[in-house]
There are 2 protein chains.
Amino acid sequence: MTRLELVEQIKQKQSFLCIGLDVDLTKIPTHLLELEDPIFEFNKQIIDATHQLAVAYKPNTAFYEAYGLKGWKSLEKTIDYLNENYPEIFTIADAKRGDIGNTSTMYAKAFFEDLDFDSVTVAPYMGSDSVEPFLAFNNKFTIMLALTSNKGGLDFQGLETEKDTLYKEVLKTSLTWKNNEQLMFVVGATKAEYFKGIRDIVPNHFLLVPGVGAQGGNLHDVCKYGLNDDVGLLINSSRGIIYAGNDENFATTAKEKALELQQEMKEILESK
Amino acid sequence: MTRLELVEQIKQKQSFLCIGLDVDLTKIPTHLLELEDPIFEFNKQIIDATHQLAVAYKPNTAFYEAYGLKGWKSLEKTIDYLNENYPEIFTIADAKRGDIGNTSTMYAKAFFEDLDFDSVTVAPYMGSDSVEPFLAFNNKFTIMLALTSNKGGLDFQGLETEKDTLYKEVLKTSLTWKNNEQLMFVVGATKAEYFKGIRDIVPNHFLLVPGVGAQGGNLHDVCKYGLNDDVGLLINSSRGIIYAGNDENFATTAKEKALELQQEMKEILESK
């Protein structure tokens, strides 16, 4: 998918909502557990109910790997289902990978070729040659961790370095890498006050923003500083949408929650 | 596995060699490609030929994920084969994972419970609560990236922070975490001169050292500063051993290369 196609989808749907497909068998409606592939069935129903309100879906690979081969199969079926039925949707493998060059290339092949995701999340700790192999794939996006929303996020990301605060230095350095226009960045919503400084460094790149809802972030605060001319934000909600209901109508309940967020986004875009 | 069992294995075998099982279908002997599961067959023959010379095996998950479901199946068969036939061997899932708390727990379950590895490599960028969930598993080890041997390793790891060089600060901070005695650290061999400073911070922990051989690191330089009373080093070699031969005798050739390294290690241990 190209950046232009993503932006057009956002404008058409008046939404920059990403739905996180973090499927935990202990949290999904129990009637699904009788089916052959409860994880895929759960995802399919969530996707069918919400695809007009969301522009992106983000399965976190941990939740699939935890179920071994069966989980990996569910992940494969989920991305195939998205690509076949809703090719306009931007897909994110939330995998937080990163390794030395030839190994990062193997990860890139896994997610961009074998599974055919539009994007994958990566960790920056190993530096340039751990991320650039992902950027070598045309029309695929690499979403690098910058500032995360978890409690320990600032343990290292918040350290002042000889150049700048570490997460800012990570952002700045990545702009020197080859094909950096195919980068996006993860920036946690619980730190909305940091968005201004981040936009000073990366005014044009898309930011993937987890932490709205369950983790306490506020949509309006994030948009105030985070929006750019192409919208430039993908706001992720996982648990707040997919586990909103826990009975046979869970997909309808999820749709209602997604609609609430999409309506809020529509208002924000209209008032820009 | 306990630390004591690992140390006893090292002393018994007079080896602290770890063999990296980074299997690339384009590099293995072509006669294996006719078999149903060439990756597993390759691993099985390498393991059978070298298990008396190595104390640990380290499949890098990227090389398995790149082949999708089939690759994951090969990984599962490899770890099952190791656990069933050579339970004394220390097994490392080189996965470089790390995410927010509940997600890291899912990764830990994937590698420690579902696949039953003894250890997994993790990345530190997301801080304490991205690593501590791994440390909550008894008799399992969490091998955190500290200083990596790749070209871009120092891009961020080498930054001077308000406290110390980033990789040193990562080491120091991790010693404050719960169950930190179950930590090990990845330290690249190409930076042997850094081992002294690292041992000042973590005198007792095991260090997993990639980069000897193909990446240019020198075993004696590493041992000079890296060895501690319990040996405390696992030296990894991947390509230098597993791809030493490329015909029907590849496993024998791999054994010869492993033996060279083991003999060098034995001499080093005897001269301590």
# chains A, B, ... in the order shown; residues from 1 in each chain; ligands from 1

call {"tool": "select_by_dssp", "arguments": {"residues": "range 31-142 of chain B", "states": "alpha helix (DSSP H)", "output": "ChimeraX atom specification"}}
result
/B:38-50,61-65,68-85,101-108,128-135

call {"tool": "write_last_selection", "arguments": {"atoms": "N, CA and C atoms", "output": "short mmCIF file (atom, residue, chain, number, x, y, z; two decimals), in the first residue's frame"}}
result
data_model
loop_
_atom_site.label_atom_id
_atom_site.label_comp_id
_atom_site.auth_asym_id
_atom_site.auth_seq_id
_atom_site.Cartn_x
_atom_site.Cartn_y
_atom_site.Cartn_z
N PRO B 38 13.49 -30.05 5.39
CA PRO B 38 14.95 -29.88 5.26
C PRO B 38 15.56 -29.12 6.44
N ILE B 39 14.85 -28.15 6.96
CA ILE B 39 15.40 -27.35 8.06
C ILE B 39 15.62 -28.22 9.30
N PHE B 40 14.60 -28.99 9.66
CA PHE B 40 14.75 -29.85 10.82
C PHE B 40 15.83 -30.91 10.59
N GLU B 41 15.84 -31.49 9.39
CA GLU B 41 16.82 -32.54 9.09
C GLU B 41 18.24 -31.99 9.20
N PHE B 42 18.43 -30.76 8.69
CA PHE B 42 19.73 -30.10 8.80
C PHE B 42 20.11 -29.93 10.28
N ASN B 43 19.18 -29.37 11.05
CA ASN B 43 19.44 -29.16 12.48
C ASN B 43 19.76 -30.46 13.20
N LYS B 44 18.97 -31.49 12.93
CA LYS B 44 19.12 -32.78 13.60
C LYS B 44 20.53 -33.33 13.37
N GLN B 45 20.98 -33.25 12.12
CA GLN B 45 22.31 -33.78 11.81
C GLN B 45 23.42 -32.94 12.44
N ILE B 46 23.23 -31.62 12.43
CA ILE B 46 24.22 -30.74 13.08
C ILE B 46 24.27 -31.04 14.59
N ILE B 47 23.11 -31.16 15.20
CA ILE B 47 23.04 -31.40 16.64
C ILE B 47 23.66 -32.76 17.00
N ASP B 48 23.26 -33.80 16.26
CA ASP B 48 23.80 -35.15 16.53
C ASP B 48 25.32 -35.17 16.42
N ALA B 49 25.84 -34.39 15.48
CA ALA B 49 27.30 -34.41 15.26
C ALA B 49 28.07 -33.58 16.27
N THR B 50 27.44 -32.59 16.87
CA THR B 50 28.19 -31.61 17.67
C THR B 50 27.82 -31.55 19.16
N THR B 61 14.94 -17.06 15.64
CA THR B 61 13.55 -17.27 15.20
C THR B 61 13.26 -16.65 13.83
N ALA B 62 14.01 -15.62 13.45
CA ALA B 62 13.76 -14.97 12.15
C ALA B 62 13.85 -15.97 11.01
N PHE B 63 14.83 -16.87 11.11
CA PHE B 63 15.07 -17.81 10.02
C PHE B 63 13.94 -18.83 9.90
N TYR B 64 13.18 -19.01 10.96
CA TYR B 64 12.06 -19.95 10.93
C TYR B 64 10.78 -19.22 10.52
N GLU B 65 10.59 -18.02 11.07
CA GLU B 65 9.40 -17.24 10.71
C GLU B 65 9.37 -16.92 9.22
N GLY B 68 7.24 -19.13 7.35
CA GLY B 68 5.82 -19.24 7.74
C GLY B 68 5.55 -20.44 8.62
N LEU B 69 4.37 -21.01 8.44
CA LEU B 69 3.94 -22.14 9.27
C LEU B 69 4.94 -23.30 9.24
N LYS B 70 5.46 -23.57 8.04
CA LYS B 70 6.42 -24.68 7.92
C LYS B 70 7.66 -24.40 8.76
N GLY B 71 8.09 -23.15 8.75
CA GLY B 71 9.26 -22.77 9.52
C GLY B 71 9.03 -22.90 11.02
N TRP B 72 7.86 -22.46 11.45
CA TRP B 72 7.53 -22.55 12.88
C TRP B 72 7.49 -24.01 13.32
N LYS B 73 6.98 -24.86 12.43
CA LYS B 73 6.92 -26.30 12.70
C LYS B 73 8.36 -26.86 12.84
N SER B 74 9.25 -26.41 11.97
CA SER B 74 10.64 -26.87 12.03
C SER B 74 11.30 -26.44 13.34
N LEU B 75 10.96 -25.22 13.79
CA LEU B 75 11.50 -24.73 15.06
C LEU B 75 11.01 -25.60 16.22
N GLU B 76 9.72 -25.90 16.19
CA GLU B 76 9.11 -26.72 17.24
C GLU B 76 9.75 -28.11 17.27
N LYS B 77 9.94 -28.69 16.10
CA LYS B 77 10.56 -30.02 16.04
C LYS B 77 12.01 -29.98 16.54
N THR B 78 12.70 -28.88 16.23
CA THR B 78 14.09 -28.77 16.66
C THR B 78 14.21 -28.68 18.17
N ILE B 79 13.40 -27.84 18.79
CA ILE B 79 13.50 -27.72 20.26
C ILE B 79 13.01 -29.01 20.92
N ASP B 80 11.98 -29.64 20.37
CA ASP B 80 11.52 -30.92 20.93
C ASP B 80 12.62 -31.98 20.83
N TYR B 81 13.31 -31.98 19.70
CA TYR B 81 14.38 -32.96 19.50
C TYR B 81 15.50 -32.75 20.52
N LEU B 82 15.85 -31.49 20.73
CA LEU B 82 16.89 -31.17 21.72
C LEU B 82 16.46 -31.59 23.12
N ASN B 83 15.23 -31.22 23.50
CA ASN B 83 14.78 -31.51 24.87
C ASN B 83 14.64 -33.01 25.13
N GLU B 84 14.25 -33.74 24.10
CA GLU B 84 14.06 -35.19 24.29
C GLU B 84 15.39 -35.95 24.31
N ASN B 85 16.29 -35.55 23.41
CA ASN B 85 17.52 -36.35 23.24
C ASN B 85 18.72 -35.83 24.01
N GLY B 101 3.89 -4.99 29.37
CA GLY B 101 3.83 -6.09 30.32
C GLY B 101 3.03 -7.31 29.92
N ASN B 102 1.72 -7.13 29.66
CA ASN B 102 0.89 -8.32 29.40
C ASN B 102 1.30 -9.01 28.10
N THR B 103 1.86 -8.23 27.19
CA THR B 103 2.28 -8.79 25.90
C THR B 103 3.61 -9.54 26.05
N SER B 104 4.52 -8.99 26.85
CA SER B 104 5.76 -9.72 27.13
C SER B 104 5.46 -11.05 27.81
N THR B 105 4.44 -11.06 28.67
CA THR B 105 4.05 -12.32 29.30
C THR B 105 3.64 -13.35 28.25
N MET B 106 2.92 -12.88 27.21
CA MET B 106 2.52 -13.81 26.14
C MET B 106 3.76 -14.36 25.41
N TYR B 107 4.73 -13.49 25.16
CA TYR B 107 5.97 -13.96 24.52
C TYR B 107 6.69 -14.96 25.42
N ALA B 108 6.74 -14.66 26.71
CA ALA B 108 7.41 -15.57 27.63
C ALA B 108 6.72 -16.93 27.63
N SER B 128 11.83 -1.56 32.07
CA SER B 128 11.65 -2.57 33.11
C SER B 128 10.46 -3.49 32.88
N ASP B 129 9.28 -2.92 32.68
CA ASP B 129 8.09 -3.77 32.61
C ASP B 129 7.98 -4.53 31.30
N SER B 130 8.92 -4.31 30.37
CA SER B 130 8.93 -5.13 29.16
C SER B 130 9.83 -6.36 29.33
N VAL B 131 10.68 -6.33 30.35
CA VAL B 131 11.61 -7.45 30.57
C VAL B 131 11.21 -8.28 31.80
N GLU B 132 10.73 -7.61 32.84
CA GLU B 132 10.42 -8.33 34.09
C GLU B 132 9.44 -9.51 33.91
N PRO B 133 8.45 -9.42 32.99
CA PRO B 133 7.56 -10.59 32.83
C PRO B 133 8.31 -11.86 32.43
N PHE B 134 9.40 -11.72 31.69
CA PHE B 134 10.20 -12.89 31.32
C PHE B 134 10.91 -13.46 32.55
N LEU B 135 11.32 -12.56 33.45
CA LEU B 135 12.09 -12.97 34.63
C LEU B 135 11.24 -13.69 35.67
#

call {"tool": "residues_around", "arguments": {"residues": "Asn246 in chain B", "least_positions_apart": "4", "cutoff": "12 Å", "atoms": "only C-alpha atoms", "output": "list in words"}}
result
Leu25, Thr26, Lys27, Ile28, Pro29, Thr30, His31, Leu32, Phe42, Arg239, Gly240, Ile241, Ile242, Phe250, Ala251, Thr252, Thr253 and Ala254 of chain B

call {"tool": "select_by_dssp", "arguments": {"residues": "range 80-111 of chain A", "states": "strand (DSSP E)", "output": "VMD selection string"}}
result
chain A and resid 90 to 97

call {"tool": "residues_around", "arguments": {"residues": "Lys168 in chain B", "least_positions_apart": "2", "cutoff": "9 Å", "atoms": "only C-alpha atoms", "output": "list in words"}}
result
Ala146, Leu147, Gln157, Gly158, Asp164, Thr165, Leu166, Val170, Leu171, Lys172, Thr173, Gly197, Ile198 and Ile201 of chain B

call {"tool": "residues_around", "arguments": {"residues": "Ile89 in chain A", "least_positions_apart": "4", "cutoff": "9 Å", "atoms": "only C-alpha atoms", "output": "JSON, numbers by chain"}}
result
{"A": [1, 6, 9, 51, 54, 55, 56, 57, 82, 83]}

call {"tool": "write_last_selection", "arguments": {"atoms": "C-alpha atoms", "output": "PDB file, in the first residue's frame"}}
result
ATOM      1  CA  MET A   1       0.000   0.000   0.000  1.00  0.00           C
ATOM      2  CA  LEU A   6      -3.702   5.253   3.257  1.00  0.00           C
ATOM      3  CA  GLN A   9      -8.806   5.870   2.989  1.00  0.00           C
ATOM      4  CA  HIS A  51     -14.064  -2.460   8.750  1.00  0.00           C
ATOM      5  CA  ALA A  54     -11.251   1.488  10.997  1.00  0.00           C
ATOM      6  CA  VAL A  55      -8.457   2.112   8.516  1.00  0.00           C
ATOM      7  CA  ALA A  56      -5.983  -0.336  10.008  1.00  0.00           C
ATOM      8  CA  TYR A  57      -5.803  -3.594  11.955  1.00  0.00           C
ATOM      9  CA  LEU A  82      -7.998  -8.981   5.490  1.00  0.00           C
ATOM     10  CA  ASN A  83      -6.043  -8.915   2.232  1.00  0.00           C
TER      11      ASN A  83
END

call {"tool": "closest_residue", "arguments": {"among": "A:Asp116, A:Arg3, A:Gly152, A:Asp22", "to": "Asn204 in chain A", "atoms": "only C-alpha atoms"}}
result
A:Arg3

call {"tool": "closest_residue", "arguments": {"among": "B:Glu162, B:Glu36, B:Glu88, B:Asp118", "to": "chain A", "atoms": "only C-alpha atoms"}}
result
B:Glu162

call {"tool": "atom_distance", "arguments": {"atom1": "CA of Met184 in chain A", "atom2": "CA of Leu53 in chain A"}}
result
21.5 Å

call {"tool": "closest_residue", "arguments": {"among": "B:Ser119, B:Thr2, B:Gln52, B:Asn150", "to": "chain A", "atoms": "only C-alpha atoms"}}
result
B:Asn150

call {"tool": "closest_residue", "arguments": {"among": "A:Tyr194, A:Pro210, A:Gln182, A:Glu5", "to": "chain B", "atoms": "only C-alpha atoms"}}
result
A:Pro210
